[in-house]
Every structure is written in structure tokens, then in C-alpha cells.
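Next comes target-v9.cif, with mmCIF, N, CA and C atoms.
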```cif
data_query
loop_
_atom_site.label_atom_id
_atom_site.label_comp_id
_atom_site.auth_asym_id
_atom_site.auth_seq_id
_atom_site.Cartn_x
_atom_site.Cartn_y
_atom_site.Cartn_z
N MET A 226 -26.65 1.08 18.38
CA MET A 226 -26.74 1.66 17.06
C MET A 226 -25.58 1.22 16.17
N LYS A 227 -24.37 1.20 16.76
CA LYS A 227 -23.20 0.79 15.99
C LYS A 227 -23.32 -0.67 15.58
N ARG A 228 -23.84 -1.49 16.48
CA ARG A 228 -24.02 -2.92 16.18
C ARG A 228 -24.99 -3.13 15.02
N ILE A 229 -26.04 -2.34 14.97
CA ILE A 229 -27.02 -2.44 13.88
C ILE A 229 -26.35 -2.04 12.56
N THR A 230 -25.54 -1.00 12.59
CA THR A 230 -24.83 -0.56 11.39
C THR A 230 -23.89 -1.65 10.88
N ILE A 231 -23.17 -2.29 11.79
CA ILE A 231 -22.26 -3.36 11.40
C ILE A 231 -23.03 -4.53 10.80
N LEU A 232 -24.13 -4.91 11.43
CA LEU A 232 -24.95 -6.01 10.91
C LEU A 232 -25.51 -5.66 9.53
N TYR A 233 -25.93 -4.41 9.37
CA TYR A 233 -26.44 -3.96 8.08
C TYR A 233 -25.35 -4.04 7.00
N GLN A 234 -24.15 -3.59 7.33
CA GLN A 234 -23.04 -3.66 6.38
C GLN A 234 -22.70 -5.10 6.03
N LYS A 235 -22.73 -5.98 7.03
CA LYS A 235 -22.45 -7.41 6.77
C LYS A 235 -23.54 -8.01 5.89
N LEU A 236 -24.78 -7.63 6.11
CA LEU A 236 -25.88 -8.13 5.29
C LEU A 236 -25.71 -7.67 3.84
N LEU A 237 -25.38 -6.40 3.65
CA LEU A 237 -25.16 -5.89 2.29
C LEU A 237 -24.02 -6.63 1.61
N ARG A 238 -22.97 -6.93 2.34
CA ARG A 238 -21.83 -7.66 1.77
C ARG A 238 -22.25 -9.09 1.44
N PHE A 239 -23.02 -9.72 2.33
CA PHE A 239 -23.43 -11.12 2.14
C PHE A 239 -24.32 -11.29 0.91
N ILE A 240 -25.25 -10.37 0.70
CA ILE A 240 -26.15 -10.52 -0.45
C ILE A 240 -25.56 -9.95 -1.74
N GLY A 241 -24.36 -9.39 -1.65
CA GLY A 241 -23.64 -8.99 -2.85
C GLY A 241 -23.87 -7.57 -3.31
N ILE A 242 -24.51 -6.76 -2.52
CA ILE A 242 -24.71 -5.36 -2.91
C ILE A 242 -23.40 -4.59 -2.81
N THR A 243 -22.67 -4.80 -1.73
CA THR A 243 -21.33 -4.22 -1.62
C THR A 243 -20.32 -5.33 -1.84
N LYS A 244 -19.18 -4.98 -2.37
CA LYS A 244 -18.15 -5.98 -2.65
C LYS A 244 -16.82 -5.47 -2.10
N PRO A 245 -15.94 -6.40 -1.71
CA PRO A 245 -14.61 -5.98 -1.29
C PRO A 245 -13.82 -5.45 -2.49
N ILE A 246 -12.81 -4.66 -2.22
CA ILE A 246 -11.95 -4.13 -3.26
C ILE A 246 -11.21 -5.29 -3.92
N GLN A 247 -11.24 -5.31 -5.25
CA GLN A 247 -10.60 -6.39 -6.01
C GLN A 247 -9.14 -6.05 -6.26
N LEU A 248 -8.26 -6.95 -5.86
CA LEU A 248 -6.82 -6.77 -6.05
C LEU A 248 -6.26 -7.97 -6.80
N ASP A 249 -5.29 -7.72 -7.68
CA ASP A 249 -4.64 -8.84 -8.35
C ASP A 249 -3.53 -9.40 -7.46
N LYS A 250 -2.90 -10.47 -7.93
CA LYS A 250 -1.91 -11.19 -7.13
C LYS A 250 -0.74 -10.31 -6.70
N PHE A 251 -0.19 -9.53 -7.63
CA PHE A 251 0.96 -8.70 -7.30
C PHE A 251 0.58 -7.55 -6.38
N GLN A 252 -0.62 -7.02 -6.52
CA GLN A 252 -1.07 -5.97 -5.62
C GLN A 252 -1.20 -6.49 -4.19
N VAL A 253 -1.68 -7.71 -4.05
CA VAL A 253 -1.74 -8.33 -2.72
C VAL A 253 -0.34 -8.52 -2.16
N GLN A 254 0.59 -8.95 -3.02
CA GLN A 254 1.98 -9.11 -2.58
C GLN A 254 2.58 -7.79 -2.12
N ILE A 255 2.29 -6.71 -2.82
CA ILE A 255 2.80 -5.40 -2.44
C ILE A 255 2.27 -5.01 -1.07
N ILE A 256 0.98 -5.19 -0.85
CA ILE A 256 0.39 -4.83 0.44
C ILE A 256 0.98 -5.68 1.55
N LYS A 257 1.07 -6.99 1.31
CA LYS A 257 1.65 -7.87 2.32
C LYS A 257 3.11 -7.51 2.61
N PHE A 258 3.85 -7.17 1.57
CA PHE A 258 5.24 -6.78 1.75
C PHE A 258 5.34 -5.53 2.62
N CYS A 259 4.53 -4.53 2.31
CA CYS A 259 4.56 -3.28 3.08
C CYS A 259 4.12 -3.51 4.52
N LYS A 260 3.22 -4.43 4.75
CA LYS A 260 2.73 -4.71 6.09
C LYS A 260 3.61 -5.72 6.85
N GLY A 261 4.68 -6.22 6.21
CA GLY A 261 5.64 -7.08 6.88
C GLY A 261 5.28 -8.55 6.94
N HIS A 262 4.46 -9.02 6.01
CA HIS A 262 4.07 -10.43 6.00
C HIS A 262 5.17 -11.36 5.48
N TYR A 263 6.15 -10.82 4.76
CA TYR A 263 7.18 -11.64 4.15
C TYR A 263 8.53 -11.50 4.83
N LYS A 264 8.53 -11.37 6.13
CA LYS A 264 9.79 -11.17 6.87
C LYS A 264 10.76 -12.32 6.67
N ASP A 265 10.25 -13.54 6.52
CA ASP A 265 11.13 -14.70 6.34
C ASP A 265 11.75 -14.74 4.94
N LYS A 266 10.99 -14.35 3.92
CA LYS A 266 11.46 -14.46 2.55
C LYS A 266 12.17 -13.20 2.07
N TYR A 267 11.59 -12.04 2.34
CA TYR A 267 12.16 -10.77 1.89
C TYR A 267 12.44 -9.89 3.10
N ARG A 268 13.60 -9.31 3.11
CA ARG A 268 13.99 -8.44 4.22
C ARG A 268 13.39 -7.05 3.99
N THR A 269 12.60 -6.59 4.94
CA THR A 269 11.96 -5.29 4.85
C THR A 269 12.70 -4.30 5.73
N ASN A 270 12.99 -3.14 5.16
CA ASN A 270 13.65 -2.09 5.91
C ASN A 270 12.88 -0.80 5.66
N ALA A 271 12.16 -0.33 6.66
CA ALA A 271 11.35 0.88 6.50
C ALA A 271 12.21 2.12 6.29
N ASN A 272 13.49 2.05 6.57
CA ASN A 272 14.38 3.18 6.31
C ASN A 272 14.88 3.20 4.87
N ASP A 273 14.68 2.09 4.14
CA ASP A 273 15.10 2.02 2.75
C ASP A 273 14.12 1.16 1.95
N TRP A 274 12.91 1.68 1.78
CA TRP A 274 11.87 0.94 1.07
C TRP A 274 12.28 0.64 -0.37
N VAL A 275 12.93 1.57 -1.00
CA VAL A 275 13.26 1.42 -2.42
C VAL A 275 14.15 0.20 -2.64
N ARG A 276 15.18 0.03 -1.83
CA ARG A 276 16.08 -1.14 -1.96
C ARG A 276 15.41 -2.42 -1.46
N SER A 277 14.52 -2.30 -0.50
CA SER A 277 13.85 -3.49 0.05
C SER A 277 12.99 -4.18 -0.99
N PHE A 278 12.41 -3.43 -1.90
CA PHE A 278 11.51 -3.99 -2.92
C PHE A 278 12.25 -4.74 -4.03
N ILE A 279 13.54 -4.55 -4.15
CA ILE A 279 14.27 -5.13 -5.29
C ILE A 279 14.12 -6.65 -5.39
N PRO A 280 14.30 -7.45 -4.32
CA PRO A 280 14.13 -8.91 -4.47
C PRO A 280 12.71 -9.32 -4.89
N LEU A 281 11.68 -8.67 -4.34
CA LEU A 281 10.31 -8.97 -4.73
C LEU A 281 10.08 -8.59 -6.19
N PHE A 282 10.59 -7.46 -6.58
CA PHE A 282 10.48 -6.99 -7.96
C PHE A 282 11.18 -7.96 -8.91
N ASN A 283 12.38 -8.38 -8.56
CA ASN A 283 13.13 -9.32 -9.41
C ASN A 283 12.38 -10.63 -9.56
N ASP A 284 11.80 -11.13 -8.48
CA ASP A 284 11.04 -12.38 -8.56
C ASP A 284 9.79 -12.23 -9.42
N GLU A 285 9.12 -11.10 -9.32
CA GLU A 285 7.86 -10.91 -10.05
C GLU A 285 8.10 -10.64 -11.54
N TYR A 286 9.07 -9.78 -11.85
CA TYR A 286 9.28 -9.37 -13.24
C TYR A 286 10.38 -10.15 -13.95
N GLY A 287 11.23 -10.82 -13.22
CA GLY A 287 12.22 -11.69 -13.82
C GLY A 287 13.45 -11.01 -14.40
N TYR A 288 13.70 -9.77 -14.03
CA TYR A 288 14.97 -9.15 -14.43
C TYR A 288 15.52 -8.34 -13.26
N ASP A 289 16.81 -8.08 -13.36
CA ASP A 289 17.50 -7.42 -12.26
C ASP A 289 17.18 -5.93 -12.24
N ALA A 290 16.60 -5.48 -11.15
CA ALA A 290 16.23 -4.07 -11.01
C ALA A 290 17.45 -3.17 -10.96
N ASN A 291 18.58 -3.70 -10.53
CA ASN A 291 19.79 -2.88 -10.44
C ASN A 291 20.36 -2.54 -11.82
N GLU A 292 20.07 -3.35 -12.83
CA GLU A 292 20.58 -3.09 -14.17
C GLU A 292 19.98 -1.83 -14.78
N ASN A 293 18.69 -1.66 -14.60
CA ASN A 293 18.00 -0.48 -15.12
C ASN A 293 17.20 0.14 -13.98
N TYR A 294 17.90 0.85 -13.13
CA TYR A 294 17.33 1.35 -11.88
C TYR A 294 16.20 2.36 -12.11
N LYS A 295 16.34 3.22 -13.09
CA LYS A 295 15.30 4.24 -13.35
C LYS A 295 13.99 3.60 -13.81
N THR A 296 14.09 2.57 -14.64
CA THR A 296 12.88 1.86 -15.07
C THR A 296 12.25 1.14 -13.89
N TYR A 297 13.07 0.52 -13.06
CA TYR A 297 12.58 -0.13 -11.85
C TYR A 297 11.80 0.86 -10.99
N LEU A 298 12.35 2.05 -10.79
CA LEU A 298 11.67 3.06 -9.97
C LEU A 298 10.34 3.46 -10.57
N LYS A 299 10.31 3.64 -11.89
CA LYS A 299 9.08 4.04 -12.56
C LYS A 299 8.00 2.96 -12.45
N VAL A 300 8.37 1.71 -12.69
CA VAL A 300 7.42 0.60 -12.61
C VAL A 300 6.93 0.43 -11.17
N LEU A 301 7.84 0.48 -10.21
CA LEU A 301 7.46 0.34 -8.81
C LEU A 301 6.54 1.47 -8.38
N PHE A 302 6.86 2.69 -8.77
CA PHE A 302 6.01 3.84 -8.45
C PHE A 302 4.60 3.63 -9.00
N ASN A 303 4.50 3.23 -10.27
CA ASN A 303 3.19 3.02 -10.88
C ASN A 303 2.40 1.93 -10.17
N GLN A 304 3.06 0.84 -9.81
CA GLN A 304 2.38 -0.23 -9.09
C GLN A 304 1.88 0.25 -7.72
N LEU A 305 2.73 0.98 -7.00
CA LEU A 305 2.36 1.48 -5.67
C LEU A 305 1.20 2.48 -5.76
N VAL A 306 1.23 3.35 -6.76
CA VAL A 306 0.14 4.31 -6.92
C VAL A 306 -1.16 3.58 -7.23
N ASP A 307 -1.12 2.56 -8.09
CA ASP A 307 -2.32 1.79 -8.39
C ASP A 307 -2.90 1.15 -7.14
N VAL A 308 -2.03 0.54 -6.34
CA VAL A 308 -2.49 -0.09 -5.09
C VAL A 308 -3.05 0.96 -4.15
N TYR A 309 -2.32 2.05 -3.96
CA TYR A 309 -2.77 3.08 -3.03
C TYR A 309 -4.12 3.66 -3.45
N MET A 310 -4.30 3.94 -4.74
CA MET A 310 -5.55 4.53 -5.19
C MET A 310 -6.74 3.58 -5.01
N LYS A 311 -6.48 2.29 -5.06
CA LYS A 311 -7.56 1.32 -4.84
C LYS A 311 -7.95 1.24 -3.36
N ILE A 312 -6.96 1.26 -2.48
CA ILE A 312 -7.25 0.96 -1.08
C ILE A 312 -7.26 2.19 -0.18
N ARG A 313 -7.00 3.37 -0.72
CA ARG A 313 -6.87 4.55 0.13
C ARG A 313 -8.16 4.83 0.87
N ILE A 314 -7.98 5.35 2.04
CA ILE A 314 -9.10 5.78 2.87
C ILE A 314 -8.59 6.97 3.67
N ASP A 315 -9.07 8.14 3.32
CA ASP A 315 -8.58 9.38 3.92
C ASP A 315 -9.75 10.06 4.60
N TYR A 316 -9.77 9.98 5.90
CA TYR A 316 -10.87 10.55 6.67
C TYR A 316 -10.74 12.05 6.87
N SER A 317 -9.69 12.67 6.35
CA SER A 317 -9.47 14.09 6.61
C SER A 317 -10.47 14.99 5.90
N GLY A 318 -10.98 14.53 4.76
CA GLY A 318 -11.90 15.35 3.99
C GLY A 318 -11.22 16.32 3.05
N SER A 319 -9.89 16.40 3.13
CA SER A 319 -9.18 17.33 2.25
C SER A 319 -7.95 16.69 1.62
N ASN A 320 -7.96 15.39 1.45
CA ASN A 320 -6.90 14.65 0.77
C ASN A 320 -5.51 14.92 1.33
N VAL A 321 -5.38 14.85 2.62
CA VAL A 321 -4.11 15.12 3.29
C VAL A 321 -3.03 14.13 2.84
N GLN A 322 -3.39 12.87 2.65
CA GLN A 322 -2.40 11.87 2.25
C GLN A 322 -1.81 12.17 0.88
N ILE A 323 -2.64 12.59 -0.05
CA ILE A 323 -2.12 12.93 -1.39
C ILE A 323 -1.23 14.16 -1.30
N LYS A 324 -1.59 15.11 -0.47
CA LYS A 324 -0.75 16.29 -0.27
C LYS A 324 0.60 15.91 0.33
N GLU A 325 0.61 14.92 1.21
CA GLU A 325 1.88 14.44 1.78
C GLU A 325 2.75 13.79 0.70
N LEU A 326 2.12 13.11 -0.25
CA LEU A 326 2.88 12.52 -1.36
C LEU A 326 3.57 13.61 -2.18
N PHE A 327 2.84 14.65 -2.51
CA PHE A 327 3.44 15.76 -3.26
C PHE A 327 4.53 16.44 -2.44
N ASP A 328 4.29 16.62 -1.17
CA ASP A 328 5.29 17.25 -0.32
C ASP A 328 6.57 16.40 -0.27
N ALA A 329 6.42 15.09 -0.21
CA ALA A 329 7.59 14.21 -0.19
C ALA A 329 8.37 14.31 -1.49
N SER A 330 7.68 14.53 -2.59
CA SER A 330 8.40 14.63 -3.86
C SER A 330 9.18 15.94 -3.99
N PHE A 331 8.68 16.98 -3.38
CA PHE A 331 9.34 18.29 -3.51
C PHE A 331 10.38 18.56 -2.44
N ASN A 332 10.21 17.97 -1.27
CA ASN A 332 11.07 18.32 -0.13
C ASN A 332 11.69 17.10 0.53
N ARG A 333 12.97 17.18 0.78
CA ARG A 333 13.64 16.16 1.58
C ARG A 333 13.34 16.44 3.04
N SER A 334 13.24 15.38 3.82
CA SER A 334 13.00 15.54 5.25
C SER A 334 13.84 14.52 6.01
N PHE A 335 13.87 14.64 7.31
CA PHE A 335 14.62 13.66 8.10
C PHE A 335 14.00 12.29 7.98
N ARG A 336 12.71 12.22 7.71
CA ARG A 336 12.01 10.94 7.59
C ARG A 336 12.21 10.33 6.20
N ARG A 337 12.24 11.14 5.18
CA ARG A 337 12.41 10.69 3.79
C ARG A 337 13.62 11.41 3.21
N ASP A 338 14.80 10.85 3.47
CA ASP A 338 16.04 11.51 3.09
C ASP A 338 16.67 10.88 1.85
N TYR A 339 15.88 10.55 0.86
CA TYR A 339 16.38 9.98 -0.38
C TYR A 339 16.82 11.10 -1.32
N GLU A 340 17.71 10.78 -2.19
CA GLU A 340 18.24 11.77 -3.14
C GLU A 340 17.19 12.13 -4.21
N LEU A 341 16.60 11.11 -4.84
CA LEU A 341 15.66 11.34 -5.93
C LEU A 341 14.23 11.55 -5.40
N PRO A 342 13.48 12.45 -6.02
CA PRO A 342 12.09 12.68 -5.60
C PRO A 342 11.22 11.42 -5.71
N ILE A 343 11.42 10.62 -6.76
CA ILE A 343 10.61 9.41 -6.93
C ILE A 343 10.88 8.42 -5.80
N GLU A 344 12.09 8.37 -5.29
CA GLU A 344 12.41 7.49 -4.16
C GLU A 344 11.68 7.95 -2.90
N ARG A 345 11.59 9.26 -2.70
CA ARG A 345 10.88 9.77 -1.53
C ARG A 345 9.39 9.46 -1.62
N VAL A 346 8.83 9.59 -2.82
CA VAL A 346 7.41 9.31 -2.99
C VAL A 346 7.14 7.81 -2.82
N ILE A 347 8.01 6.97 -3.33
CA ILE A 347 7.86 5.52 -3.14
C ILE A 347 7.86 5.18 -1.66
N ALA A 348 8.76 5.76 -0.91
CA ALA A 348 8.82 5.51 0.53
C ALA A 348 7.55 6.00 1.22
N GLU A 349 7.04 7.14 0.81
CA GLU A 349 5.80 7.67 1.40
C GLU A 349 4.62 6.77 1.06
N LEU A 350 4.56 6.31 -0.18
CA LEU A 350 3.49 5.39 -0.59
C LEU A 350 3.53 4.09 0.22
N CYS A 351 4.73 3.57 0.44
CA CYS A 351 4.87 2.35 1.24
C CYS A 351 4.35 2.57 2.66
N GLY A 352 4.65 3.73 3.22
CA GLY A 352 4.16 4.04 4.56
C GLY A 352 2.65 4.14 4.59
N LEU A 353 2.05 4.74 3.57
CA LEU A 353 0.60 4.85 3.53
C LEU A 353 -0.06 3.49 3.34
N ILE A 354 0.53 2.66 2.51
CA ILE A 354 -0.02 1.30 2.31
C ILE A 354 0.16 0.48 3.58
N GLN A 355 1.29 0.62 4.23
CA GLN A 355 1.56 -0.13 5.46
C GLN A 355 0.53 0.18 6.54
N ASN A 356 0.11 1.42 6.63
CA ASN A 356 -0.82 1.83 7.69
C ASN A 356 -2.27 1.86 7.24
N ASN A 357 -2.57 1.26 6.10
CA ASN A 357 -3.92 1.24 5.59
C ASN A 357 -4.78 0.24 6.35
N VAL A 358 -6.06 0.53 6.46
CA VAL A 358 -7.01 -0.30 7.20
C VAL A 358 -7.53 -1.42 6.29
N VAL A 359 -7.37 -2.66 6.73
CA VAL A 359 -7.90 -3.81 5.99
C VAL A 359 -9.31 -4.12 6.48
N ILE A 360 -9.51 -4.06 7.77
CA ILE A 360 -10.79 -4.41 8.38
C ILE A 360 -11.40 -3.17 9.02
N GLU A 361 -12.61 -2.84 8.61
CA GLU A 361 -13.31 -1.69 9.18
C GLU A 361 -14.03 -2.09 10.46
N ASN A 362 -14.29 -1.15 11.31
CA ASN A 362 -15.08 -1.32 12.53
C ASN A 362 -14.47 -2.29 13.52
N GLY A 363 -13.17 -2.39 13.56
CA GLY A 363 -12.53 -3.26 14.54
C GLY A 363 -12.41 -4.68 14.06
N ILE A 364 -11.55 -5.43 14.69
CA ILE A 364 -11.25 -6.79 14.26
C ILE A 364 -12.40 -7.75 14.54
N LYS A 365 -13.00 -7.66 15.70
CA LYS A 365 -14.01 -8.65 16.10
C LYS A 365 -15.27 -8.57 15.24
N ASN A 366 -15.79 -7.37 15.02
CA ASN A 366 -17.05 -7.21 14.29
C ASN A 366 -16.86 -6.62 12.90
N GLY A 367 -15.63 -6.53 12.46
CA GLY A 367 -15.34 -5.78 11.26
C GLY A 367 -15.67 -6.46 9.96
N ILE A 368 -15.66 -5.64 8.92
CA ILE A 368 -15.89 -6.09 7.57
C ILE A 368 -14.61 -5.81 6.79
N LYS A 369 -14.12 -6.81 6.09
CA LYS A 369 -12.88 -6.65 5.33
C LYS A 369 -13.13 -5.77 4.12
N ARG A 370 -12.28 -4.75 3.97
CA ARG A 370 -12.34 -3.88 2.80
C ARG A 370 -11.78 -4.59 1.58
N TYR A 371 -10.77 -5.42 1.79
CA TYR A 371 -10.15 -6.22 0.75
C TYR A 371 -9.52 -7.44 1.40
N HIS A 372 -9.26 -8.46 0.62
CA HIS A 372 -8.74 -9.72 1.13
C HIS A 372 -7.27 -9.87 0.77
N LEU A 373 -6.49 -10.38 1.71
CA LEU A 373 -5.06 -10.62 1.48
C LEU A 373 -4.75 -12.11 1.40
N ASP A 374 -5.75 -12.90 1.05
CA ASP A 374 -5.56 -14.36 0.95
C ASP A 374 -4.98 -14.73 -0.40
#
```
Starting from the coordinates I provided, produce the structure as C-alpha cells.
Amino acid sequence: MKRITILYQKLLRFIGITKPIQLDKFQVQIIKFCKGHYKDKYRTNANDWVRSFIPLFNDEYGYDANENYKTYLKVLFNQLVDVYMKIRIDYSGSNVQIKELFDASFNRSFRRDYELPIERVIAELCGLIQNNVVIENGIKNGIKRYHLD
């Protein structure tokens, strides 16, 4: 039965009834960065996501994020929220991931020990994007939800 469902989903994708999630170039870069694809070019530190994004941000936007740190945080937050809202998949049925984002903004924890609430939310968003599913139904028979090419 599962095999028939997978074949049906692949057929729908092939004839164009269903489509993968459309992402722009920078959104793909954000996902790849969070998933650790750029280890050679950009140093990723899951304990300090906010500082880790600065080199990628500087390359993309062309100005130093350290000069205007609050604007950098706001732009990064908006970009991460856009990516997360496009690719989110929450099987809980009660939006647990969004509730975790709000919780991270209101409360410091041992896992998210940043001073500013926006920094905690950025770190939480990076974790959610990092653990997001790209391929449904397993790697061998799966259907890509979005492409990282």
C-alpha cells in the first residue's frame, strides 16, 4: 500500500499536478548553511548561530553586519521566518514548532542562552530549518519537497 502511495505521489509530481516548494537563491543558501553544506567556506557553530551567519550575510548583502547589528538581526530574522514558513512541516497537529519559537523569545534556556530575544528566536529557527525534511518517504523512494540544487 505504501509503495502504491509513493508511486501515485511521483506520478502527480511528474505530470505537474503537485510541485516542489519554490525557493530563491538566498533561501537555498540559508537552508544549506543551516544543514552544514558550507563547512569549507563558512564556519558553522550551532552554539552561536547568530555570529555564524555574519560572513554569509556580508557576502549576500555586501555590507558589514557588525556595523549595524540590530538591522542585521532584523533582516536575518525575516529571511529565516520566510524560509521556515515555506518549508515547515509540523506533524504535531497543534503547531508545536511555532510555540517553541515564541517560548524561545520569552525565556532563556540552557540551550538558547542568548541575551536578546531575537537572537534566541534566530537560533531556534536555525535548528528547525536544520532538522527539516527535504525528502519525504525515505531517501530511496522519496519525493523531494524542495530542491537544494
- Message: When you look at segment 235-252 of chain A with a cut-off of 6 Å (counting only C-alpha atoms), what residues show up, excluding the ones that are within fewer than 2 positions of it in the same chain? I need them as a list in words.
- Response: Leu232, Tyr233, Gln254, Ile255, Arg370 and Tyr371 of chain A
- Taking the DSSP assignment computed from this structure's backbone, write out as an NGL selection string all residues of chain A that belong to helix (DSSP H, G or I). :A and (227-239 or 250-259 or 274-277 or 279-286 or 294-312 or 321-331 or 342-355)
- Query: Hey, can you check how far atom N of Val253 of chain A sits from atom C of Asp338 of chain A?
  - Reply: 26.8 Å
- Can you list, as a list in words, every protein, DNA or RNA residue that comes within 7 Å of segment 275-290 of chain A when you count all atoms listed in the file, leaving out same-chain residues fewer than 6 positions away? Tyr267, Arg268, Thr269, Tyr297, Glu344, Ile347 and Ala348 of chain A
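All residues within chain A that the backbone DSSP calculation assigns to strand (DSSP E) are Ile360, Glu361, Ile368 and Lys369 of chain A.
Taking atom C of Gly261 of chain A and atom CA of Arg313 of chain A as the two end points, the separation is 19.1 Å.
For the atom pair formed by atom C of Lys369 of chain A and atom C of Lys257 of chain A, the distance is 16.4 Å, given to one decimal.
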- Query: Counting only C-alpha atoms, what is within 12 Å of Ile323 of chain A, bar same-chain residues fewer than 4 positions away, as a ChimeraX atom specification?
  - Reply: /A:306,309-310,313-315,317-319,327-330,346,349-350,353
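Counting all atoms listed in the file, the residue from A:Arg337, A:Glu361, A:Ile354, A:Asp374 that sits nearest to Asn272 of chain A is A:Arg337.
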- Please provide the set of residues having any atom within 6 Å of Gln355 of chain A, restricted to only C-alpha atoms, with same-chain residues fewer than 3 positions apart removed, written as an MDAnalysis selection string. chainID A and resid 259:260 351:352
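You can rank A:Ala271, A:Leu373, A:Val300, A:Ile312 by their closest distance to Asn357 of chain A using only N, CA and C atoms, and at the top of that list sits A:Ile312.
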